[in-house]
Every structure is written in C-alpha cells, then in structure tokens.
Amino acid sequence: MSKRIIETDQAPQAIGTYSQAVKHQGLVFLSGQIPLDPISMEVVPGGIEAQIRRVFDNLSAVCSAAGGSLDDIIKLTVFLTDMGDFPQVNTIMGQYFTAPYPARAAVQVAALPKGVNVEMDAILGT
C-alpha cells in the first residue's frame with residue numbers, strides 16, 4: 001500500500017500524531033483543521049466568522065500542497081460546538097466554493113481542540 005504525506009507551512013503544523021493530509025490511490029484525506037494561524041499557531045481572534053474563514057484558508061493551503069484546490073473537495077465534514085453557527089458556515093462557504101459543491105455533513109460536538117468553535121476535515125479528489 002502506497003501513501004504520500006502532504007505537508008505545507010501555509011497551514012498549521014500538526015499538533016499531534018497525525019499528518020496534515022495523506023494521499024492514497026487518487027484521493028487526499030485532509031486532517032481536521034481548526035482556526036489556528038499557521039505562523040503563530042494561535043487561535044485567530046474575531047469570533048466565529050473569523051474562525052470559519054481561517055479554517056477554509058487552512059484547508060485551501062493543504063489542498064494546494066496536494067496539487068488541488070477547495071473546488072476539488074468531494075466530501076467536507078464540519079464540526080461545530082454550536083449548530084446555531086451553521087448559517088455563517090453556509091454564507092462563508094459560498095464565498096470559498098463554486099458549484100457544484102462537495103458533499104457535506106455538519107455535526108455538533110461538545111468540544112473541539114484548543115476550545116475553538118469549528119473544525120473541518122475533507123476528502124479531496126485529484
């Protein structure tokens with residue numbers, strides 16, 4: 001089984017025992033991204049909208065490192081600590097993606113790393 005690890009300094013470095021992404025048989029599996037600034041490794045200030053934008057920017061950077069873009073995502077999973085933030089996800093997602101949109105799931109969770117309000121992972125087709 002062959003797999004290739006995808007890494008970029010344009011997205012936060014892994015803070016655990018995982019890779020930013022792994023490519024295998026034409027698919028790229030992107031690890032969950034939280035709203036960390038890739039330089040400071042601190043949570044971005046500014047509330048949920050700033051956090052959502054940072055997560056999409058981080059996902060975009062990993063997609064680019066894998067040779068793709070957000071438009072190549074075939075499955076996106078959104079984790080929120082408050083499902084009341086879902087309308088902001090939809091609005092901001094519309095600014096980052098063009099139709100046809102990826103398949104998507106949204107899940108409310110009790111907590112996320114570093115106390116953030118949003119995390120997303122994805123599967124990219126290459």
# chains A, B, ... in the order shown; residues from 1 in each chain; ligands from 1
call {"tool": "closest_atom_pairs", "arguments": {"of": "region 26-50 of chain A", "to": "region 76-83 of chain A", "cutoff": "10 Å", "atoms": "only C-alpha atoms", "output": "JSON lines"}}
result
{"residue": "A:Leu30", "atom": "CA", "partner": "A:Leu76", "partner_atom": "CA", "distance": 9.5}
{"residue": "A:Gly32", "atom": "CA", "partner": "A:Thr77", "partner_atom": "CA", "distance": 8.8}
{"residue": "A:Gln33", "atom": "CA", "partner": "A:Val78", "partner_atom": "CA", "distance": 9.8}
{"residue": "A:Ile34", "atom": "CA", "partner": "A:Phe79", "partner_atom": "CA", "distance": 9.7}
{"residue": "A:Ile48", "atom": "CA", "partner": "A:Leu80", "partner_atom": "CA", "distance": 9.9}
call {"tool": "write_last_selection", "arguments": {"atoms": "C-alpha atoms", "output": "mmCIF file, in the first residue's frame"}}
result
data_model
loop_
_atom_site.group_PDB
_atom_site.id
_atom_site.type_symbol
_atom_site.label_atom_id
_atom_site.label_comp_id
_atom_site.auth_asym_id
_atom_site.auth_seq_id
_atom_site.Cartn_x
_atom_site.Cartn_y
_atom_site.Cartn_z
ATOM 1 C CA LEU A 30 -7.206 16.131 4.868
ATOM 2 C CA GLY A 32 -9.205 18.299 10.647
ATOM 3 C CA GLN A 33 -8.258 21.964 10.512
ATOM 4 C CA ILE A 34 -9.041 24.320 13.326
ATOM 5 C CA ILE A 48 -16.961 32.506 14.676
#
call {"tool": "residues_around", "arguments": {"residues": "Met41 (chain A)", "least_positions_apart": "3", "cutoff": "8 Å", "atoms": "only C-alpha atoms", "output": "list in words"}}
result
Pro12, Gln13, Leu36, Asp37 and Pro38 of chain A
call {"tool": "closest_residue", "arguments": {"among": "A:Val22, A:Met93, A:Ala122, A:Leu59", "to": "Ile74 (chain A)", "atoms": "only C-alpha atoms"}}
result
A:Ala122
call {"tool": "closest_residue", "arguments": {"among": "A:Met120, A:Leu112, A:Leu70, A:Ala65", "to": "Pro100 (chain A)", "atoms": "only C-alpha atoms"}}
result
A:Leu70
call {"tool": "closest_residue", "arguments": {"among": "A:Gln88, A:Thr126, A:Ser2, A:Ser31", "to": "Ala50 (chain A)", "atoms": "only C-alpha atoms"}}
result
A:Gln88
call {"tool": "closest_residue", "arguments": {"among": "A:Glu49, A:Asp121, A:Glu42, A:Asp72", "to": "Ala106 (chain A)", "atoms": "only C-alpha atoms"}}
result
A:Asp121
call {"tool": "closest_residue", "arguments": {"among": "A:Ala61, A:Val107, A:Ile52, A:Ala66", "to": "Arg4 (chain A)", "atoms": "only C-alpha atoms"}}
result
A:Ala66
call {"tool": "closest_residue", "arguments": {"among": "A:Pro113, A:Gln20, A:Gly125, A:Val89", "to": "Pro35 (chain A)", "atoms": "only C-alpha atoms"}}
result
A:Pro113
